[in-house]
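Data from protein.cif: mmCIF, C-alpha atoms
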data_work
#
loop_
_atom_site.label_atom_id
_atom_site.label_comp_id
_atom_site.auth_asym_id
_atom_site.auth_seq_id
_atom_site.Cartn_x
_atom_site.Cartn_y
_atom_site.Cartn_z
CA TRP S 1 -50.40 3.20 32.81
CA THR S 2 -51.82 6.34 31.27
CA VAL S 3 -55.22 7.00 29.78
CA SER S 4 -55.38 9.50 26.95
CA LEU S 5 -57.42 12.69 27.13
CA LYS S 6 -59.47 11.34 24.25
CA LEU S 7 -60.48 8.30 26.27
CA ALA S 8 -61.17 10.39 29.35
CA SER S 9 -63.29 12.84 27.35
CA ASN S 10 -65.29 10.08 25.69
CA ALA S 11 -65.86 8.33 29.01
CA SER S 12 -67.46 11.37 30.55
CA CYS S 13 -70.16 11.73 27.91
CA ALA S 14 -70.64 8.18 26.67
CA THR S 15 -74.12 6.82 25.94
CA PRO S 16 -75.32 3.21 25.81
CA CYS S 17 -74.54 1.38 22.60
CA CYS S 18 -76.11 -1.54 20.80
CA SER S 19 -76.30 -5.05 22.26
CA THR S 20 -73.59 -6.35 19.94
CA GLY S 21 -69.93 -5.55 19.38
CA ARG S 22 -67.77 -3.93 22.05
CA ARG S 23 -68.61 -3.78 25.74
CA PRO S 24 -71.49 -1.33 26.23
CA SER S 25 -71.17 1.85 28.25
CA ALA S 26 -72.62 2.99 31.58
CA PRO S 27 -74.79 2.88 33.55
CA LEU S 28 -74.15 -0.80 34.21
CA GLY S 29 -74.06 -1.72 30.52
CA SER S 30 -76.82 -2.29 28.00
CA ARG S 31 -76.19 -5.77 26.64
CA ILE S 32 -79.51 -7.52 27.27
CA LEU S 33 -80.03 -11.23 26.71
CA THR S 34 -83.38 -11.56 24.94
CA ASN S 35 -82.85 -14.96 23.34
CA PRO S 36 -81.50 -17.75 25.61
CA ASP S 37 -79.90 -19.37 22.56
CA ASP S 38 -77.53 -16.39 22.32
CA VAL S 39 -76.12 -16.79 25.84
CA PHE S 40 -72.66 -17.93 24.68
CA LYS S 41 -72.20 -15.14 22.13
CA HIS S 42 -70.72 -12.77 24.75
CA ASN S 43 -68.79 -13.02 28.00
CA MET S 44 -71.24 -10.90 29.98
CA TRP S 45 -74.95 -9.99 29.91
CA ASP S 46 -76.33 -6.98 31.78
CA HIS S 47 -79.42 -6.31 33.91
CA VAL S 48 -80.24 -9.98 34.36
CA GLN S 49 -83.55 -10.67 36.08
CA TRP S 50 -83.69 -13.62 38.48
CA THR S 51 -86.69 -15.89 38.67
CA GLU S 52 -88.29 -16.49 42.07
CA GLN S 53 -86.87 -20.00 42.00
CA GLU S 54 -83.35 -18.70 41.36
CA LYS S 55 -83.69 -16.29 44.28
CA GLU S 56 -84.84 -19.07 46.57
CA ASN S 57 -82.05 -21.40 45.42
CA ALA S 58 -79.47 -18.70 46.14
CA ARG S 59 -80.90 -18.02 49.59
CA GLN S 60 -80.84 -21.71 50.45
CA LYS S 61 -77.27 -22.11 49.19
CA ALA S 62 -76.07 -19.18 51.32
CA GLU S 63 -77.92 -20.55 54.32
CA GLU S 64 -76.34 -23.95 53.77
CA ASN S 65 -72.73 -22.72 53.47
CA SER S 66 -73.07 -20.42 56.50
CA CYS S 67 -74.67 -22.89 58.90
CA GLU S 68 -71.22 -24.01 60.09
CA GLN S 69 -69.23 -20.96 61.25
CA ILE S 70 -65.61 -20.70 62.31
CA PRO S 71 -65.44 -20.56 66.14
CA LEU S 72 -65.11 -17.04 67.57
CA MET S 73 -61.86 -17.95 69.33
CA GLU S 74 -60.28 -18.70 65.95
CA GLN S 75 -61.63 -15.65 64.12
CA GLY S 76 -59.24 -13.13 65.69
CA THR S 77 -56.40 -14.35 63.48
CA PHE S 78 -58.12 -13.02 60.36
CA ALA S 79 -58.09 -9.51 61.82
CA THR S 80 -54.65 -9.49 63.43
CA GLU S 81 -52.98 -11.12 60.42
CA ALA S 82 -54.95 -9.25 57.73
CA SER S 83 -51.96 -7.20 56.58
CA HIS S 84 -49.92 -10.40 56.19
CA TYR S 85 -52.65 -12.08 54.16
CA TRP S 86 -53.01 -9.10 51.83
CA ASP S 87 -49.24 -8.83 51.43
CA LYS S 88 -49.28 -12.43 50.19
CA PHE S 89 -52.19 -11.57 47.90
CA TYR S 90 -50.27 -8.73 46.23
CA GLU S 91 -47.07 -10.76 46.03
CA THR S 92 -49.02 -13.43 44.15
CA HIS S 93 -51.20 -11.29 41.90
CA GLN S 94 -49.13 -8.09 41.62
CA ASP S 95 -51.47 -5.62 39.78
CA LYS S 96 -53.27 -8.24 37.67
CA PHE S 97 -56.37 -8.75 39.81
CA PHE S 98 -58.25 -6.07 37.81
CA LYS S 99 -57.46 -6.59 34.13
CA ASP S 100 -60.07 -4.24 32.62
CA ARG S 101 -59.93 -0.85 34.33
CA LYS S 102 -61.41 1.33 31.58
CA TRP S 103 -64.91 0.82 33.01
CA LEU S 104 -63.97 3.19 35.84
CA PHE S 105 -64.48 6.29 33.72
CA LEU S 106 -67.70 4.92 32.25
CA GLU S 107 -69.35 4.10 35.56
CA PHE S 108 -67.62 6.88 37.52
CA PRO S 109 -67.18 9.97 35.28
CA GLU S 110 -67.00 11.94 38.55
CA LEU S 111 -63.32 10.92 38.64
CA LEU S 112 -62.64 13.46 35.91
CA PRO S 113 -62.00 17.08 36.96
CA PRO S 114 -64.69 19.49 35.71
CA VAL S 115 -62.36 21.48 33.44
CA SER S 116 -61.63 21.64 29.73
CA LYS S 117 -58.98 19.51 28.04
CA GLU S 118 -56.90 22.59 27.23
CA GLU S 119 -57.01 23.76 30.83
CA ILE S 120 -56.12 20.27 32.05
CA THR S 121 -53.08 20.13 29.78
CA ASN S 122 -51.83 23.59 30.69
CA ARG S 123 -52.20 23.06 34.41
CA TYR S 124 -50.51 19.67 34.25
CA LEU S 125 -47.50 21.12 32.38
CA ASP S 126 -47.24 24.03 34.81
CA ASP S 127 -47.48 21.80 37.89
CA HIS S 128 -45.04 19.25 36.50
CA GLN S 129 -42.43 21.88 35.63
CA GLU S 130 -42.82 23.48 39.04
CA VAL S 131 -42.29 20.23 40.95
CA SER S 132 -39.46 19.11 38.71
CA SER S 133 -37.54 22.33 39.33
CA ASN S 134 -38.45 22.22 43.04
CA HIS S 135 -39.71 25.83 42.98
CA HIS S 136 -42.37 27.00 45.39
CA ARG S 137 -45.66 28.64 44.52
CA THR S 138 -45.91 32.36 45.06
CA GLN S 139 -47.03 33.59 48.47
CA GLU S 140 -50.38 34.64 47.03
CA THR S 141 -51.13 31.14 45.74
CA CYS S 142 -50.11 29.57 49.04
CA GLN S 143 -52.47 31.90 50.88
CA ARG S 144 -55.35 30.87 48.61
CA ALA S 145 -54.57 27.19 49.24
CA ALA S 146 -54.44 27.84 52.98
CA VAL S 147 -57.86 29.49 52.95
CA GLU S 148 -59.31 26.51 51.11
CA THR S 149 -57.85 23.74 53.27
CA ASN S 150 -56.70 25.46 56.49
CA GLU S 151 -53.35 23.75 55.91
CA THR S 152 -50.21 24.78 54.04
CA LEU S 153 -47.99 21.73 54.13
CA PHE S 154 -49.38 18.47 52.77
CA PRO S 155 -48.92 16.52 49.51
CA GLY S 156 -51.19 17.76 46.74
CA ARG S 157 -52.03 21.00 48.57
CA HIS S 158 -51.89 23.02 45.34
CA ALA S 159 -54.22 20.73 43.40
CA SER S 160 -57.73 21.94 42.68
CA PHE S 161 -59.08 18.38 42.44
CA ARG S 162 -58.09 15.61 44.86
CA ILE S 163 -58.96 11.91 44.79
CA LEU S 164 -58.38 9.28 47.47
CA GLU S 165 -58.33 5.67 46.31
CA VAL S 166 -58.61 3.23 49.18
CA PHE S 167 -56.88 -0.15 48.75
CA ARG S 168 -56.83 -2.16 45.49
CA LEU S 169 -54.97 0.70 43.74
CA ILE S 170 -56.62 0.42 40.34
CA LEU S 171 -56.97 4.12 39.52
CA ILE S 172 -53.21 4.49 39.84
CA MET S 173 -53.03 2.72 36.48
CA PHE S 174 -54.35 5.93 34.93
CA ILE S 175 -53.07 9.46 35.09
CA VAL S 176 -55.96 11.87 35.53
CA LEU S 177 -54.58 15.23 34.49
CA ASN S 178 -55.13 18.18 36.82
CA ALA S 179 -56.02 15.82 39.65
CA PHE S 180 -53.86 14.80 42.58
CA LEU S 181 -54.29 11.16 43.54
CA TYR S 182 -53.79 9.78 47.05
CA CYS S 183 -53.76 6.00 47.28
CA CYS S 184 -53.45 3.96 50.43
CA ASP S 185 -53.35 0.33 51.45
CA PHE S 186 -52.41 -1.33 54.72
CA SER S 187 -50.28 -3.77 52.75
CA PRO S 188 -46.70 -2.43 52.46
CA CYS S 189 -46.24 -4.74 49.49
CA ALA S 190 -49.07 -3.02 47.59
CA ILE S 191 -47.61 0.45 48.18
CA GLN S 192 -44.15 -0.73 47.21
CA LEU S 193 -45.53 -2.09 43.92
CA VAL S 194 -46.97 1.32 43.13
CA LYS S 195 -43.88 3.30 44.05
CA GLU S 196 -41.55 1.02 42.10
CA HIS S 197 -43.43 1.51 38.87
CA PRO S 198 -41.26 3.57 36.46
CA GLU S 199 -44.04 6.06 35.80
CA TYR S 200 -44.97 6.72 39.42
CA ASP S 201 -44.85 10.52 39.76
CA ASP S 202 -45.02 12.06 43.22
CA SER S 203 -45.99 15.39 41.70
CA MET S 204 -49.37 13.83 40.83
CA CYS S 205 -49.71 10.99 43.31
CA HIS S 206 -48.95 10.15 46.94
CA ALA S 207 -49.02 6.45 47.89
CA PHE S 208 -48.85 5.57 51.57
CA VAL S 209 -49.42 2.69 53.98
CA HIS S 210 -52.57 3.21 56.04
CA ASP S 211 -55.06 1.06 57.94
CA ILE S 212 -58.48 2.68 57.51
CA CYS S 213 -59.83 0.59 60.40
CA GLU S 214 -57.42 2.24 62.84
CA GLU S 215 -59.40 5.05 64.46
CA MET S 216 -56.38 7.10 65.54
CA ALA S 217 -54.41 6.77 62.31
CA SER S 218 -53.99 10.11 60.54
CA PHE S 219 -54.13 10.85 56.83
CA PRO S 220 -51.54 13.03 55.05
CA PHE S 221 -54.25 15.59 54.16
CA PRO S 222 -56.70 17.63 56.27
CA PRO S 223 -60.44 17.02 56.73
CA GLN S 224 -62.78 18.38 54.04
CA SER S 225 -60.04 18.43 51.42
CA LEU S 226 -61.10 15.64 49.02
CA ASP S 227 -63.32 15.88 45.96
CA VAL S 228 -63.65 12.11 45.46
CA ILE S 229 -63.16 8.95 47.50
CA LEU S 230 -62.98 5.74 45.47
CA ALA S 231 -63.60 2.42 47.22
CA VAL S 232 -63.84 -0.48 44.76
CA PHE S 233 -64.14 -3.93 46.38
CA VAL S 234 -62.67 -2.50 49.57
CA LEU S 235 -65.28 -2.28 52.31
CA SER S 236 -66.23 -5.94 51.81
CA SER S 237 -62.80 -6.96 53.11
CA ILE S 238 -63.52 -5.36 56.50
CA HIS S 239 -65.39 -6.99 59.37
CA PRO S 240 -69.04 -5.84 59.11
CA ASP S 241 -68.96 -4.49 62.68
CA ARG S 242 -66.26 -2.00 61.67
CA ILE S 243 -67.50 -0.86 58.25
CA GLN S 244 -69.75 1.95 59.51
CA GLY S 245 -66.93 3.53 61.51
CA VAL S 246 -64.64 3.40 58.46
CA VAL S 247 -67.22 5.11 56.23
CA ASN S 248 -67.87 7.77 58.88
CA ARG S 249 -64.17 8.63 59.16
CA LEU S 250 -63.53 8.63 55.41
CA SER S 251 -66.56 10.84 54.76
CA SER S 252 -65.19 13.52 57.08
CA TYR S 253 -62.42 14.16 54.54
CA LEU S 254 -64.80 15.00 51.70
CA LYS S 255 -65.35 18.62 50.73
CA HIS S 256 -68.86 20.03 50.63
CA GLY S 257 -70.24 18.51 47.43
CA GLY S 258 -67.58 15.78 47.38
CA ILE S 259 -68.64 12.30 46.31
CA PHE S 260 -67.96 8.76 47.58
CA LEU S 261 -67.74 6.23 44.72
CA PHE S 262 -68.49 2.71 45.92
CA ARG S 263 -68.58 -0.64 44.15
CA ASP S 264 -68.50 -4.02 45.89
CA TYR S 265 -69.90 -7.53 46.18
CA GLY S 266 -73.69 -7.95 46.39
CA ARG S 267 -75.78 -10.47 48.30
CA TYR S 268 -75.91 -13.93 46.65
CA ASP S 269 -73.16 -13.22 44.15
CA PHE S 270 -71.72 -16.37 42.57
CA SER S 271 -68.58 -16.00 44.69
CA GLN S 272 -70.69 -16.14 47.88
CA LEU S 273 -72.63 -19.22 46.84
CA ARG S 274 -69.51 -21.17 45.90
CA PHE S 275 -68.08 -21.06 49.45
CA LYS S 276 -67.91 -24.44 51.17
CA LYS S 277 -69.08 -25.09 54.71
CA GLY S 278 -66.61 -24.02 57.38
CA ARG S 279 -65.51 -20.77 55.66
CA CYS S 280 -68.20 -18.53 57.18
CA LEU S 281 -67.24 -16.05 59.93
CA SER S 282 -70.68 -14.50 60.44
CA GLU S 283 -73.80 -13.86 58.40
CA ASN S 284 -72.77 -13.07 54.79
CA PHE S 285 -69.11 -12.73 55.87
CA TYR S 286 -66.55 -15.35 54.81
CA THR S 287 -62.84 -16.04 54.69
CA ARG S 288 -61.14 -17.27 51.56
CA GLY S 289 -58.48 -19.94 51.38
CA ASP S 290 -55.73 -17.31 51.36
CA GLY S 291 -56.93 -15.78 54.64
CA THR S 292 -58.51 -12.64 53.13
CA CYS S 293 -62.14 -11.94 54.02
CA VAL S 294 -65.21 -10.80 52.10
CA TYR S 295 -68.66 -9.48 53.00
CA PHE S 296 -71.66 -9.46 50.65
CA PHE S 297 -73.87 -6.35 50.83
CA SER S 298 -77.58 -5.85 50.25
CA LYS S 299 -78.96 -2.70 48.62
CA ASP S 300 -80.63 -1.58 51.86
CA GLU S 301 -77.39 -2.05 53.81
CA VAL S 302 -75.50 0.16 51.38
CA HIS S 303 -78.16 2.86 51.63
CA ASP S 304 -78.07 2.82 55.44
CA LEU S 305 -74.27 2.73 55.52
CA PHE S 306 -73.85 6.06 53.75
CA SER S 307 -76.97 7.70 55.12
CA LYS S 308 -75.70 7.16 58.67
CA ALA S 309 -72.46 8.85 57.63
CA GLY S 310 -74.44 11.96 56.69
CA LEU S 311 -74.16 11.51 52.92
CA GLU S 312 -76.95 12.07 50.40
CA GLU S 313 -77.71 9.18 48.05
CA ILE S 314 -77.25 10.06 44.38
CA GLN S 315 -77.14 6.50 43.08
CA ASN S 316 -77.62 3.08 44.68
CA LEU S 317 -77.82 0.22 42.19
CA GLU S 318 -77.84 -3.54 42.32
CA ASP S 319 -75.84 -4.71 39.33
CA ARG S 320 -77.00 -8.20 38.31
CA ARG S 321 -75.15 -9.78 35.40
CA LEU S 322 -74.67 -13.13 33.79
CA GLN S 323 -70.99 -13.94 33.38
CA VAL S 324 -70.22 -16.54 30.73
CA ASN S 325 -67.31 -18.90 30.27
CA ARG S 326 -67.77 -19.65 26.60
CA GLY S 327 -64.97 -22.21 26.54
CA LYS S 328 -66.42 -24.33 29.34
CA LYS S 329 -70.05 -23.46 28.52
CA VAL S 330 -70.65 -22.28 32.09
CA VAL S 331 -72.80 -19.34 33.22
CA MET S 332 -72.49 -17.55 36.58
CA HIS S 333 -74.87 -15.08 38.22
CA ARG S 334 -72.88 -12.07 39.41
CA VAL S 335 -74.23 -9.45 41.81
CA TRP S 336 -72.41 -6.21 42.57
CA MET S 337 -73.48 -3.09 44.42
CA GLN S 338 -72.73 0.39 43.09
CA SER S 339 -73.42 3.60 44.97
CA LYS S 340 -72.65 7.31 44.69
CA PRO S 341 -73.42 9.24 47.89
CA ARG S 342 -72.56 12.94 48.11
CA LYS S 343 -71.58 15.14 51.04
CA VAL S 344 -74.10 17.96 51.32
CA SER S 345 -73.03 19.57 54.59
#
Written form, structure tokens:
Amino acid sequence: WTVSLKLASNASCATPCCSTGRRPSAPLGSRILTNPDDVFKHNMWDHVQWTEQEKENARQKAEENSCEQIPLMEQGTFATEASHYWDKFYETHQDKFFKDRKWLFLEFPELLPPVSKEEITNRYLDDHQEVSSNHHRTQETCQRAAVETNETLFPGRHASFRILEVFRLILIMFIVLNAFLYCCDFSPCAIQLVKEHPEYDDSMCHAFVHDICEEMASFPFPPQSLDVILAVFVLSSIHPDRIQGVVNRLSSYLKHGGIFLFRDYGRYDFSQLRFKKGRCLSENFYTRGDGTCVYFFSKDEVHDLFSKAGLEEIQNLEDRRLQVNRGKKVVMHRVWMQSKPRKVS
């Protein structure tokens, strides 16, 4: 559940390593397949270039599996019952759907507060002792917090670095010292899983049920109070007609200079091409057998999505990899999108 300061420190300054041995570091890895005969030596190869024929095959496959769409009259169920479907998902998978979470600090070092290890440790001990003894901050400190956020009573109000993780709840598996973590999901089961964990600490984290698609739903913190918003394989689960509104609302909670960390499914990913006919809801938007939905983004769509929300693009990458099942001798083309837009005004 915790990640050591040593790991966090290394993650923030890591550089790419050789193409052999352990999993390479960010950005997007550095394990390049130069000899096709070596394909089964590792489970994943980075920066894979597609041939024109592979691109055309993928386009045709997506066109084929989307030619038969679920009737509009039947599609409403996937929206109205979404919470139920995701409850079932969490009941089945618990917290095992992301097994390797250490990549977060390699790809997203922005999750780490910009302070020294000694300062992190001291502030964590001070904050923890204060909450444990249920003592209040001095009036002077409260006034400073009020000036910064225009609010005095909300969870994490004394923290100098605040992170919101939307759905999936993977960052909760780490404790980022000197940061206060908010995590939300519209599945009550997901939030219950987090709160029941023996190391859940409400002095450093606030987990709550929230539907980010609900325009009138309020967050437990004020606008312009967050340093980081983390959305990993989240926006793809939302109907494409509603995604822009969600990003607009979330972005309003970022501070000036705050950053939105995004990673999700890309167009023609293996998981898109494997859908059978009759699972498509609309173009590049599908429903799985368990009732959950998934959209597959293009690079241009991601750029437009955050630009329209008033954010400045710092990074927008198409992550193409070759995933290998060495036991079955099967290779799969994976495509993920990764973006880092920043709030500049």
Tell me which residues the PyMOL selection byres ((chain S and resi 54-63) around 8) grabs here, as a ChimeraX atom specification. /S:50-53,64-67,268,272-273,284
If you keep C-alpha atoms, can you produce a file of those selected residues as a PDB file, in the coordinates of the input?
ATOM      1  CA  TRP S  50     -83.690 -13.620  38.480  1.00  0.00           C
ATOM      2  CA  THR S  51     -86.690 -15.890  38.670  1.00  0.00           C
ATOM      3  CA  GLU S  52     -88.290 -16.490  42.070  1.00  0.00           C
ATOM      4  CA  GLN S  53     -86.870 -20.000  42.000  1.00  0.00           C
ATOM      5  CA  GLU S  64     -76.340 -23.950  53.770  1.00  0.00           C
ATOM      6  CA  ASN S  65     -72.730 -22.720  53.470  1.00  0.00           C
ATOM      7  CA  SER S  66     -73.070 -20.420  56.500  1.00  0.00           C
ATOM      8  CA  CYS S  67     -74.670 -22.890  58.900  1.00  0.00           C
ATOM      9  CA  TYR S 268     -75.910 -13.930  46.650  1.00  0.00           C
ATOM     10  CA  GLN S 272     -70.690 -16.140  47.880  1.00  0.00           C
ATOM     11  CA  LEU S 273     -72.630 -19.220  46.840  1.00  0.00           C
ATOM     12  CA  ASN S 284     -72.770 -13.070  54.790  1.00  0.00           C
TER      13      ASN S 284
END
Could you tell me which residues the PyMOL selection byres ((chain S and resi 215-232) around 8) grabs in this file, written as a PyMOL selection string? chain S and resi 110-111+149-151+154-155+161-168+210-214+233-235+249-250+252-264
Record the distance separating CA of Phe275 (chain S) and CA of Phe296 (chain S), expressed in Å with one decimal.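 Separating CA of Phe275 (chain S) from CA of Phe296 (chain S) is a distance of 12.2 Å.
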Proximity check region 151-268 of chain S to region 306-314 of chain S, 7 Å, nearest pairs one decimal Å, all atoms listed in the file, as a tab-separated table:
residue	atom	partner	partner_atom	distance
S:Val247	CA	S:Ala309	CA	6.6
S:Asn248	CA	S:Ala309	CA	4.9
S:Ser251	CA	S:Ala309	CA	6.9
Need the shell around Ile191 (chain S): protein/DNA/RNA residues with any atom at most 8 Å away, counting all atoms listed in the file. Skip same-chain ones fewer than 4 positions apart. Format as a ChimeraX atom specification? /S:184-185,187,195,207-209
What is the distance, in Å and to one decimal place, between CA of Val39 (chain S) and CA of Leu104 (chain S)?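 Between CA of Val39 (chain S) and CA of Leu104 (chain S) the gap is 25.4 Å.
The closest residue to Glu318 (chain S), picked from S:Asp290, S:Asp37, S:Glu196, S:Glu301 and counting all atoms listed in the file, is S:Glu301.
Closest to Phe186 (chain S) among S:Asn35, S:Tyr200, S:Arg157, S:Ser237 is S:Ser237, based on all atoms listed in the file.
Here the question is which of S:Tyr295, S:Arg279, S:Ala179, S:Asp319 gets nearest to Val48 (chain S) using all atoms listed in the file, and that residue is S:Asp319.
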